[in-house]
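Trainee: Questions regarding the structure given below will be posed in turn.
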Amino acid sequence: MDPTPHRFNKLTTAKLKFQQLAMLVTLLLTSQLISGCTHSHFSYASCKTQLAAEWVYTDQLHADIAKLTSPKLEGRKTGTLGAELTRQYIANRYDEIGLTPWKGEYSVPFTYQYNLGERQGVNMVGAFYAAEPTDKWRVILAHYDHLGMKGRKMYPGADDNASGVAALLQVASQIAKHNKIEHNPIDSAPRQVQPQVQPQAPVNTLFVATDAEEPGLFGSYALVEQLKQLNAIPQIKQIELAINLDMVGRPGRSYVIYLEGRRGFSHFDEIKQTLTDTTGLCIKAKHARPLARSVQKIDWLRASDHYPLHKAGIPWLYFGVPPHNDYHQSGDTVEKIDLKFLAAVSESAYQLLIIDSLTLE
């Protein structure tokens, strides 16, 4: 999650006391339990126990996050050897899943200006084509970069945002499993459809693990510029929905996921109900406002990679949890990820990729 002050105006007071944040969470808990879930009669206990993830492999979720947060990857800071090793891992997982490289390669480099100099980042992009030919697309993205090393201290970023990348990989696996086709990257037409037991994705899907989100959403801005090219597939107008997964593994005591972006969808309540009915996930459509003056308001529109897509006119929905005590700290480790919760978020994101197009209008 991008901490840049002018777009993520959170906790900019030099050293916000974590005890103060915990007190605020306690004050907010009652209202979150009442309004944060889809059904008002849900309690904290039911929000936690009603989850019904069916197909996500929590062992694989854990394995992906453990790898992404391993010391060898050194916190995945953009432009480092750790970032390169991260890309190698993501490319191997894309291959295992069966995604088609976008633009001929999974690695899609870009340049950006930062601190009066030019830097390079690399997005990891794979595609999956619907069994029935269509020009409609949906995009799911999660940034893989984090803060890296500061001296001898590593910032693993398990929740921010290895959790989002792990969820993206699970969604991609499920799409591939139930929409197996033989596809030639040179020829956009699917060639063969194999039997499946789950609903097929009605549109093509682009899976994007973005780079350089932390310093300023640069990977997402680069993606938008690449989509604006005349020969780009897809074109921006063909994208029905973009789903951003950023910090989705630690729900806190309220045990809800926040789903920002409702203004872009006239059937948002129906969408939210579908997700809850499928996974039992408690969903709140808008983050709570801070109650104390010492905690500055977070601009969730500008907080993560959905913002450049928003500016380009692409409809978006953003899954995320509020910042916790380990946000951008060395304590953001895999052991603190709630795998059951993350599994439910993953399956909810998948539902958005197979939901009927009319519901997204």
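If you're wondering about the labels, chains in the structure tokens are A, B, ... by order shown, residues count from 1 in each chain, ligands from 1 in order shown.
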Residues at most 10 Å from Asp135 of chain A, counting only C-alpha atoms, excluding those fewer than 4 positions away in the same chain, as a list in words?
Mentor: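 After dropping sequence-adjacent residues, the list is Tyr129, Ala130, Val203, Asn204, Ile233, Pro234, Gln235, Lys237, Gln238 and Ile239 of chain A.
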Trainee: Export C-alpha atoms of the chosen residues as a PDB file, in the first residue's frame?
Mentor:
```pdb
ATOM      1  CA  TYR A 129      -8.819 -16.177 -22.589  1.00  0.00           C
ATOM      2  CA  ALA A 130     -12.469 -17.095 -22.256  1.00  0.00           C
ATOM      3  CA  VAL A 203     -14.713 -12.753 -20.344  1.00  0.00           C
ATOM      4  CA  ASN A 204     -10.963 -12.686 -20.830  1.00  0.00           C
ATOM      5  CA  ILE A 233      -5.208  -5.900 -26.147  1.00  0.00           C
ATOM      6  CA  PRO A 234      -7.343  -5.179 -24.270  1.00  0.00           C
ATOM      7  CA  GLN A 235      -8.353  -1.621 -25.006  1.00  0.00           C
ATOM      8  CA  LYS A 237     -13.068   0.525 -23.187  1.00  0.00           C
ATOM      9  CA  GLN A 238     -13.167  -3.298 -23.264  1.00  0.00           C
ATOM     10  CA  ILE A 239     -12.422  -3.647 -19.525  1.00  0.00           C
TER      11      ILE A 239
END
```
Trainee: Quick one: residues within 10 Å of segment 208-212 of chain A, only C-alpha atoms counted, chain neighbours fewer than 5 positions away excluded, as a CSV table (one decimal) with N, CA, C and O atoms, in the first residue's frame?
Mentor:
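Ended up saving to result-v7.csv:
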```csv
chain,number,residue,atom,x,y,z
A,2,ASP,N,0.5,2.2,-0.8
A,2,ASP,CA,1.4,3.3,-1.1
A,2,ASP,C,1.2,4.3,0.1
A,2,ASP,O,0.2,4.8,0.4
A,76,ARG,N,11.6,-7.4,-1.3
A,76,ARG,CA,11.0,-7.2,-2.7
A,76,ARG,C,11.0,-5.7,-3.1
A,76,ARG,O,10.1,-5.2,-3.8
A,77,LYS,N,12.0,-4.9,-2.7
A,77,LYS,CA,12.0,-3.5,-3.1
A,77,LYS,C,12.3,-3.4,-4.5
A,77,LYS,O,13.1,-4.1,-5.1
A,78,THR,N,11.6,-2.5,-5.2
A,78,THR,CA,11.8,-2.2,-6.6
A,78,THR,C,13.2,-2.0,-7.0
A,78,THR,O,13.9,-1.2,-6.3
A,79,GLY,N,13.7,-2.6,-8.1
A,79,GLY,CA,15.0,-2.4,-8.5
A,79,GLY,C,16.1,-3.2,-7.9
A,79,GLY,O,17.3,-3.0,-8.2
A,83,ALA,N,13.7,-8.2,-5.8
A,83,ALA,CA,12.6,-8.0,-6.8
A,83,ALA,C,12.7,-8.9,-8.0
A,83,ALA,O,11.7,-9.5,-8.5
A,87,ARG,N,10.2,-11.8,-9.2
A,87,ARG,CA,9.6,-12.0,-10.6
A,87,ARG,C,9.8,-13.4,-11.1
A,87,ARG,O,8.9,-14.0,-11.8
A,90,ILE,N,7.1,-15.5,-9.5
A,90,ILE,CA,5.8,-15.3,-10.0
A,90,ILE,C,5.7,-15.9,-11.5
A,90,ILE,O,4.7,-16.5,-11.8
A,102,TRP,N,1.6,-11.9,-21.5
A,102,TRP,CA,1.1,-10.7,-22.2
A,102,TRP,C,2.2,-10.0,-23.0
A,102,TRP,O,3.3,-9.9,-22.5
A,106,TYR,N,5.9,-12.5,-19.6
A,106,TYR,CA,5.3,-12.1,-18.4
A,106,TYR,C,5.8,-10.8,-17.9
A,106,TYR,O,5.1,-10.0,-17.3
A,107,SER,N,7.1,-10.6,-18.1
A,107,SER,CA,7.8,-9.4,-17.6
A,107,SER,C,7.5,-8.2,-18.5
A,107,SER,O,7.9,-8.3,-19.7
A,108,VAL,N,6.9,-7.2,-18.0
A,108,VAL,CA,6.6,-6.0,-18.8
A,108,VAL,C,7.3,-4.8,-18.2
A,108,VAL,O,6.8,-4.2,-17.2
A,109,PRO,N,8.5,-4.4,-18.6
A,109,PRO,CA,9.2,-3.3,-18.0
A,109,PRO,C,8.6,-1.9,-18.3
A,109,PRO,O,7.9,-1.7,-19.3
A,110,PHE,N,8.9,-1.0,-17.4
A,110,PHE,CA,8.5,0.4,-17.6
A,110,PHE,C,9.5,1.3,-16.8
A,110,PHE,O,10.3,0.9,-16.0
A,112,TYR,N,10.0,5.2,-14.8
A,112,TYR,CA,9.3,6.2,-14.1
A,112,TYR,C,10.3,7.2,-13.5
A,112,TYR,O,11.5,6.9,-13.2
A,119,ARG,N,13.9,5.7,-13.0
A,119,ARG,CA,14.0,4.3,-12.4
A,119,ARG,C,13.3,3.4,-13.3
A,119,ARG,O,12.5,3.8,-14.2
A,120,GLN,N,13.5,2.1,-13.1
A,120,GLN,CA,12.8,1.1,-13.9
A,120,GLN,C,12.1,0.1,-13.0
A,120,GLN,O,12.6,-0.3,-11.9
A,121,GLY,N,10.9,-0.2,-13.4
A,121,GLY,CA,10.1,-1.3,-12.7
A,121,GLY,C,9.7,-2.3,-13.7
A,121,GLY,O,9.8,-2.1,-14.9
A,122,VAL,N,9.1,-3.4,-13.2
A,122,VAL,CA,8.7,-4.5,-14.1
A,122,VAL,C,7.4,-5.1,-13.5
A,122,VAL,O,7.4,-5.6,-12.4
A,123,ASN,N,6.3,-4.9,-14.3
A,123,ASN,CA,5.1,-5.6,-14.0
A,123,ASN,C,5.1,-7.0,-14.5
A,123,ASN,O,5.7,-7.3,-15.5
A,124,MET,N,4.4,-7.9,-13.8
A,124,MET,CA,4.3,-9.3,-14.2
A,124,MET,C,2.8,-9.5,-14.7
A,124,MET,O,1.9,-9.5,-13.9
A,125,VAL,N,2.7,-9.8,-16.0
A,125,VAL,CA,1.3,-9.8,-16.6
A,125,VAL,C,1.1,-11.1,-17.4
A,125,VAL,O,1.9,-11.5,-18.2
A,126,GLY,N,0.0,-11.8,-17.0
A,126,GLY,CA,-0.4,-13.0,-17.7
A,126,GLY,C,-1.9,-12.9,-18.1
A,126,GLY,O,-2.6,-12.2,-17.4
A,127,ALA,N,-2.3,-13.6,-19.1
A,127,ALA,CA,-3.7,-13.5,-19.6
A,127,ALA,C,-4.3,-14.9,-19.6
A,127,ALA,O,-3.6,-15.9,-19.8
A,139,VAL,N,-9.7,-7.3,-15.2
A,139,VAL,CA,-8.4,-7.3,-14.7
A,139,VAL,C,-8.3,-7.5,-13.2
A,139,VAL,O,-9.2,-7.0,-12.5
A,140,ILE,N,-7.4,-8.3,-12.8
A,140,ILE,CA,-7.1,-8.4,-11.3
A,140,ILE,C,-5.7,-8.1,-11.1
A,140,ILE,O,-4.8,-8.6,-11.8
A,141,LEU,N,-5.4,-7.3,-10.1
A,141,LEU,CA,-4.0,-6.9,-9.8
A,141,LEU,C,-3.7,-6.8,-8.4
A,141,LEU,O,-4.6,-6.6,-7.5
A,142,ALA,N,-2.4,-7.0,-8.1
A,142,ALA,CA,-1.9,-6.9,-6.7
A,142,ALA,C,-0.4,-6.6,-6.8
A,142,ALA,O,0.3,-7.2,-7.6
A,143,HIS,N,0.0,-5.6,-6.1
A,143,HIS,CA,1.4,-5.2,-6.2
A,143,HIS,C,2.3,-6.2,-5.4
A,143,HIS,O,1.9,-6.6,-4.3
A,144,TYR,N,3.5,-6.5,-6.0
A,144,TYR,CA,4.4,-7.4,-5.3
A,144,TYR,C,5.5,-6.8,-4.7
A,144,TYR,O,6.2,-7.4,-3.9
A,145,ASP,N,5.8,-5.5,-4.9
A,145,ASP,CA,6.9,-4.8,-4.3
A,145,ASP,C,6.6,-4.4,-2.9
A,145,ASP,O,5.4,-4.3,-2.4
A,146,HIS,N,7.7,-4.3,-2.1
A,146,HIS,CA,7.5,-3.8,-0.7
A,146,HIS,C,8.7,-2.9,-0.4
A,146,HIS,O,9.3,-2.3,-1.3
A,147,LEU,N,9.1,-2.7,0.9
A,147,LEU,CA,10.1,-1.8,1.3
A,147,LEU,C,11.5,-2.2,1.3
A,147,LEU,O,12.4,-1.4,1.4
A,164,GLY,N,-2.0,-10.2,-1.2
A,164,GLY,CA,-2.7,-10.0,-2.4
A,164,GLY,C,-2.2,-10.8,-3.6
A,164,GLY,O,-3.0,-11.3,-4.4
A,165,VAL,N,-0.9,-10.9,-3.7
A,165,VAL,CA,-0.3,-11.7,-4.7
A,165,VAL,C,-0.7,-13.2,-4.6
A,165,VAL,O,-1.1,-13.9,-5.6
A,168,LEU,N,-4.2,-13.6,-5.7
A,168,LEU,CA,-4.3,-13.5,-7.2
A,168,LEU,C,-3.9,-14.8,-7.8
A,168,LEU,O,-4.5,-15.2,-8.8
A,169,LEU,N,-2.9,-15.5,-7.3
A,169,LEU,CA,-2.4,-16.7,-7.9
A,169,LEU,C,-3.5,-17.8,-7.7
A,169,LEU,O,-3.7,-18.7,-8.6
A,217,LEU,N,2.6,4.2,-6.9
A,217,LEU,CA,1.6,3.6,-7.8
A,217,LEU,C,2.1,3.6,-9.2
A,217,LEU,O,1.4,3.5,-10.2
A,218,PHE,N,3.5,3.5,-9.4
A,218,PHE,CA,4.0,3.7,-10.8
A,218,PHE,C,3.7,2.5,-11.7
A,218,PHE,O,3.6,2.6,-12.9
A,219,GLY,N,3.6,1.3,-11.1
A,219,GLY,CA,3.3,0.1,-11.9
A,219,GLY,C,1.9,0.2,-12.5
A,219,GLY,O,1.7,-0.2,-13.7
A,220,SER,N,1.0,0.7,-11.8
A,220,SER,CA,-0.4,0.8,-12.2
A,220,SER,C,-0.5,1.9,-13.3
A,220,SER,O,-1.2,1.8,-14.3
A,221,TYR,N,0.2,3.0,-13.0
A,221,TYR,CA,0.2,4.1,-14.0
A,221,TYR,C,0.8,3.6,-15.3
A,221,TYR,O,0.3,3.9,-16.4
A,222,ALA,N,1.9,2.8,-15.3
A,222,ALA,CA,2.5,2.2,-16.5
A,222,ALA,C,1.5,1.3,-17.2
A,222,ALA,O,1.4,1.3,-18.4
A,223,LEU,N,0.8,0.5,-16.5
A,223,LEU,CA,-0.2,-0.4,-17.1
A,223,LEU,C,-1.2,0.4,-17.8
A,223,LEU,O,-1.6,0.0,-19.0
A,244,ASN,N,-8.6,-4.8,-7.4
A,244,ASN,CA,-7.3,-4.6,-6.7
A,244,ASN,C,-7.3,-5.3,-5.4
A,244,ASN,O,-8.2,-5.1,-4.5
A,245,LEU,N,-6.3,-6.1,-5.1
A,245,LEU,CA,-6.1,-6.8,-3.9
A,245,LEU,C,-4.9,-6.2,-3.2
A,245,LEU,O,-3.8,-6.5,-3.6
A,305,ASP,N,-3.3,0.8,-6.1
A,305,ASP,CA,-3.2,0.7,-7.6
A,305,ASP,C,-4.5,0.9,-8.3
A,305,ASP,O,-4.5,1.0,-9.6
```
Trainee: I'd like the interatomic distance between atom CA of Lys272 of chain A and atom CA of Leu352 of chain A, to a tenth of an Å.
Mentor: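 Those two atoms sit 9.8 Å apart.
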Trainee: Would you list the contacts of Ala167 of chain A as a ChimeraX atom specification, taking every protein, DNA or RNA residue within 9 Å and counting only C-alpha atoms, but skipping same-chain residues closer than 3 positions in sequence?
Mentor: /A:56,61,142,162-164,170-172,245,248,342-343,345-347,349
Trainee: How far is it from atom CA of Asp269 of chain A to atom CA of Ile314 of chain A, in Å with one decimal?
Mentor: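 Result for atom CA of Asp269 of chain A versus atom CA of Ile314 of chain A: 19.5 Å, one decimal.
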Trainee: As an exercise, work out the distance from atom CA of Asp356 of chain A to atom CA of Ile271 of chain A in Å and give it to one decimal place.
Mentor: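 It comes out at 10.0 Å.
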Trainee: Out of A:Asp277, A:Glu361, A:Glu74, A:Asp299, which residue has the shortest atom-to-atom distance to Lys150 of chain A when counting only C-alpha atoms?
Mentor: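 The shortest atom-to-atom distance to Lys150 of chain A comes from A:Glu74.
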Trainee: Hey, which of A:Ser46, A:Thr80, A:Thr58, A:Thr333 ends up closest to Ser254 of chain A? Count only C-alpha atoms.
Mentor: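 Residue with the minimum atom-to-atom distance to Ser254 of chain A: A:Ser46.
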Trainee: Residues within 10 Å of Leu360 of chain A, please, as a compact mmCIF listing (two decimals) with N, CA and C atoms, in the first residue's frame. Count only C-alpha atoms; anything in the same chain fewer than 4 positions from it doesn't count.
Mentor:
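Ended up saving to part.txt:
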```txt
# COMPACT_ATOMS: atom_id res chain seq x y z
N GLU A 240 -14.37 -4.38 -18.30
CA GLU A 240 -15.59 -4.24 -17.52
C GLU A 240 -15.31 -3.94 -16.05
N LEU A 241 -14.19 -4.47 -15.55
CA LEU A 241 -13.93 -4.39 -14.12
C LEU A 241 -12.45 -4.63 -13.86
N GLY A 264 -19.20 3.12 -8.70
CA GLY A 264 -19.13 2.78 -10.11
C GLY A 264 -20.12 1.71 -10.54
N PHE A 265 -20.96 1.21 -9.62
CA PHE A 265 -21.82 0.07 -9.94
C PHE A 265 -23.23 0.30 -9.38
N SER A 266 -24.20 0.33 -10.27
CA SER A 266 -25.58 0.54 -9.84
C SER A 266 -26.14 -0.68 -9.11
N HIS A 267 -25.53 -1.86 -9.35
CA HIS A 267 -26.00 -3.10 -8.70
C HIS A 267 -25.03 -3.53 -7.60
N PHE A 268 -24.38 -2.57 -6.96
CA PHE A 268 -23.36 -2.93 -5.98
C PHE A 268 -23.92 -3.78 -4.84
N GLU A 270 -26.29 -5.89 -4.88
CA GLU A 270 -26.46 -7.26 -5.38
C GLU A 270 -25.12 -7.97 -5.48
N ILE A 271 -24.11 -7.25 -5.93
CA ILE A 271 -22.76 -7.82 -6.01
C ILE A 271 -22.27 -8.23 -4.63
N PRO A 315 -13.82 0.83 -14.50
CA PRO A 315 -14.55 0.48 -13.27
C PRO A 315 -13.69 -0.40 -12.38
N LEU A 352 -16.14 -12.31 -8.66
CA LEU A 352 -16.25 -11.10 -9.46
C LEU A 352 -15.76 -11.32 -10.90
N ILE A 355 -18.94 -13.34 -12.51
CA ILE A 355 -20.28 -12.78 -12.37
C ILE A 355 -20.77 -12.26 -13.71
N ASP A 356 -22.08 -12.29 -13.91
CA ASP A 356 -22.68 -11.86 -15.18
C ASP A 356 -22.35 -10.39 -15.46
```
Trainee: Choose the residue, out of A:Asn115, A:Gln60, A:Phe319, A:Leu206, that has the smallest atom-to-atom separation from Ser304 of chain A; count only C-alpha atoms.
Mentor: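 Among the listed residues, the smallest separation from Ser304 of chain A belongs to A:Phe319.
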Trainee: Contacts of Ser330 of chain A at 9 Å or less, counting only C-alpha atoms, minus same-chain residues fewer than 5 places along, as a ChimeraX atom specification?
Mentor: /A:153-157
Trainee: Print the selection's residues with C-alpha atoms to a file, as an mmCIF file, in the first residue's frame.
Mentor:
```
data_model
loop_
_atom_site.group_PDB
_atom_site.id
_atom_site.type_symbol
_atom_site.label_atom_id
_atom_site.label_comp_id
_atom_site.auth_asym_id
_atom_site.auth_seq_id
_atom_site.Cartn_x
_atom_site.Cartn_y
_atom_site.Cartn_z
ATOM 1 C CA LYS A 153 16.363 -5.029 9.045
ATOM 2 C CA MET A 154 14.109 -6.648 6.454
ATOM 3 C CA TYR A 155 10.520 -5.597 5.866
ATOM 4 C CA PRO A 156 8.817 -8.810 4.691
ATOM 5 C CA GLY A 157 5.416 -7.351 3.774
#
```
Trainee: I need the strand (DSSP E) residues of segment 53-133 of chain A per DSSP on the backbone, written as a PDB file with N, CA and C atoms, in the first residue's frame.
Mentor:
```pdb
ATOM      1  N   THR A 100      -1.123 -17.157 -20.256  1.00  0.00           N
ATOM      2  CA  THR A 100      -0.442 -16.766 -21.477  1.00  0.00           C
ATOM      3  C   THR A 100       0.320 -15.466 -21.234  1.00  0.00           C
ATOM      4  N   PRO A 101       1.603 -15.418 -21.547  1.00  0.00           N
ATOM      5  CA  PRO A 101       2.350 -14.166 -21.357  1.00  0.00           C
ATOM      6  C   PRO A 101       1.721 -13.027 -22.152  1.00  0.00           C
ATOM      7  N   SER A 107       7.141 -10.586 -18.057  1.00  0.00           N
ATOM      8  CA  SER A 107       7.792  -9.373 -17.553  1.00  0.00           C
ATOM      9  C   SER A 107       7.539  -8.220 -18.519  1.00  0.00           C
ATOM     10  N   VAL A 108       6.915  -7.158 -18.007  1.00  0.00           N
ATOM     11  CA  VAL A 108       6.612  -5.979 -18.818  1.00  0.00           C
ATOM     12  C   VAL A 108       7.278  -4.775 -18.158  1.00  0.00           C
ATOM     13  N   PRO A 109       8.456  -4.366 -18.631  1.00  0.00           N
ATOM     14  CA  PRO A 109       9.195  -3.284 -17.978  1.00  0.00           C
ATOM     15  C   PRO A 109       8.601  -1.912 -18.264  1.00  0.00           C
ATOM     16  N   PHE A 110       8.918  -0.967 -17.408  1.00  0.00           N
ATOM     17  CA  PHE A 110       8.500   0.424 -17.576  1.00  0.00           C
ATOM     18  C   PHE A 110       9.496   1.314 -16.844  1.00  0.00           C
ATOM     19  N   THR A 111       9.524   2.573 -17.205  1.00  0.00           N
ATOM     20  CA  THR A 111      10.377   3.546 -16.523  1.00  0.00           C
ATOM     21  C   THR A 111       9.494   4.592 -15.846  1.00  0.00           C
ATOM     22  N   TYR A 112      10.014   5.193 -14.803  1.00  0.00           N
ATOM     23  CA  TYR A 112       9.289   6.250 -14.100  1.00  0.00           C
ATOM     24  C   TYR A 112      10.288   7.202 -13.460  1.00  0.00           C
ATOM     25  N   GLN A 113       9.818   8.396 -13.192  1.00  0.00           N
ATOM     26  CA  GLN A 113      10.652   9.415 -12.566  1.00  0.00           C
ATOM     27  C   GLN A 113      10.440   9.394 -11.058  1.00  0.00           C
ATOM     28  N   TYR A 114      11.563   9.351 -10.331  1.00  0.00           N
ATOM     29  CA  TYR A 114      11.475   9.304  -8.873  1.00  0.00           C
ATOM     30  C   TYR A 114      12.729   9.933  -8.270  1.00  0.00           C
ATOM     31  N   GLY A 117      15.332  11.333 -10.651  1.00  0.00           N
ATOM     32  CA  GLY A 117      16.035  10.383 -11.505  1.00  0.00           C
ATOM     33  C   GLY A 117      15.072   9.432 -12.165  1.00  0.00           C
ATOM     34  N   GLU A 118      15.566   8.714 -13.167  1.00  0.00           N
ATOM     35  CA  GLU A 118      14.744   7.729 -13.866  1.00  0.00           C
ATOM     36  C   GLU A 118      14.984   6.353 -13.274  1.00  0.00           C
ATOM     37  N   ARG A 119      13.913   5.682 -12.967  1.00  0.00           N
ATOM     38  CA  ARG A 119      13.983   4.335 -12.405  1.00  0.00           C
ATOM     39  C   ARG A 119      13.250   3.366 -13.321  1.00  0.00           C
ATOM     40  N   GLN A 120      13.516   2.086 -13.114  1.00  0.00           N
ATOM     41  CA  GLN A 120      12.817   1.063 -13.893  1.00  0.00           C
ATOM     42  C   GLN A 120      12.091   0.098 -12.973  1.00  0.00           C
ATOM     43  N   GLY A 121      10.885  -0.230 -13.361  1.00  0.00           N
ATOM     44  CA  GLY A 121      10.107  -1.256 -12.687  1.00  0.00           C
ATOM     45  C   GLY A 121       9.675  -2.305 -13.702  1.00  0.00           C
ATOM     46  N   VAL A 122       9.131  -3.394 -13.201  1.00  0.00           N
ATOM     47  CA  VAL A 122       8.687  -4.486 -14.087  1.00  0.00           C
ATOM     48  C   VAL A 122       7.385  -5.061 -13.548  1.00  0.00           C
ATOM     49  N   ASN A 123       6.310  -4.910 -14.301  1.00  0.00           N
ATOM     50  CA  ASN A 123       5.060  -5.579 -13.975  1.00  0.00           C
ATOM     51  C   ASN A 123       5.098  -7.012 -14.493  1.00  0.00           C
ATOM     52  N   MET A 124       4.382  -7.903 -13.804  1.00  0.00           N
ATOM     53  CA  MET A 124       4.269  -9.298 -14.229  1.00  0.00           C
ATOM     54  C   MET A 124       2.834  -9.530 -14.690  1.00  0.00           C
ATOM     55  N   VAL A 125       2.664  -9.799 -15.998  1.00  0.00           N
ATOM     56  CA  VAL A 125       1.321  -9.812 -16.577  1.00  0.00           C
ATOM     57  C   VAL A 125       1.093 -11.103 -17.355  1.00  0.00           C
ATOM     58  N   GLY A 126       0.015 -11.786 -17.018  1.00  0.00           N
ATOM     59  CA  GLY A 126      -0.410 -12.977 -17.740  1.00  0.00           C
ATOM     60  C   GLY A 126      -1.880 -12.872 -18.079  1.00  0.00           C
ATOM     61  N   ALA A 127      -2.288 -13.555 -19.131  1.00  0.00           N
ATOM     62  CA  ALA A 127      -3.677 -13.483 -19.584  1.00  0.00           C
ATOM     63  C   ALA A 127      -4.301 -14.868 -19.618  1.00  0.00           C
ATOM     64  N   PHE A 128      -5.614 -14.882 -19.447  1.00  0.00           N
ATOM     65  CA  PHE A 128      -6.375 -16.098 -19.687  1.00  0.00           C
ATOM     66  C   PHE A 128      -7.587 -15.731 -20.533  1.00  0.00           C
TER      67      PHE A 128
END
```
Trainee: Determine the nearest neighbour of Gly252 of chain A from the options A:Asn325, A:Gln229, A:Ser357, A:Thr274, counting only C-alpha atoms.
Mentor: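 With only C-alpha atoms as the atom set, the closest residue is A:Asn325.
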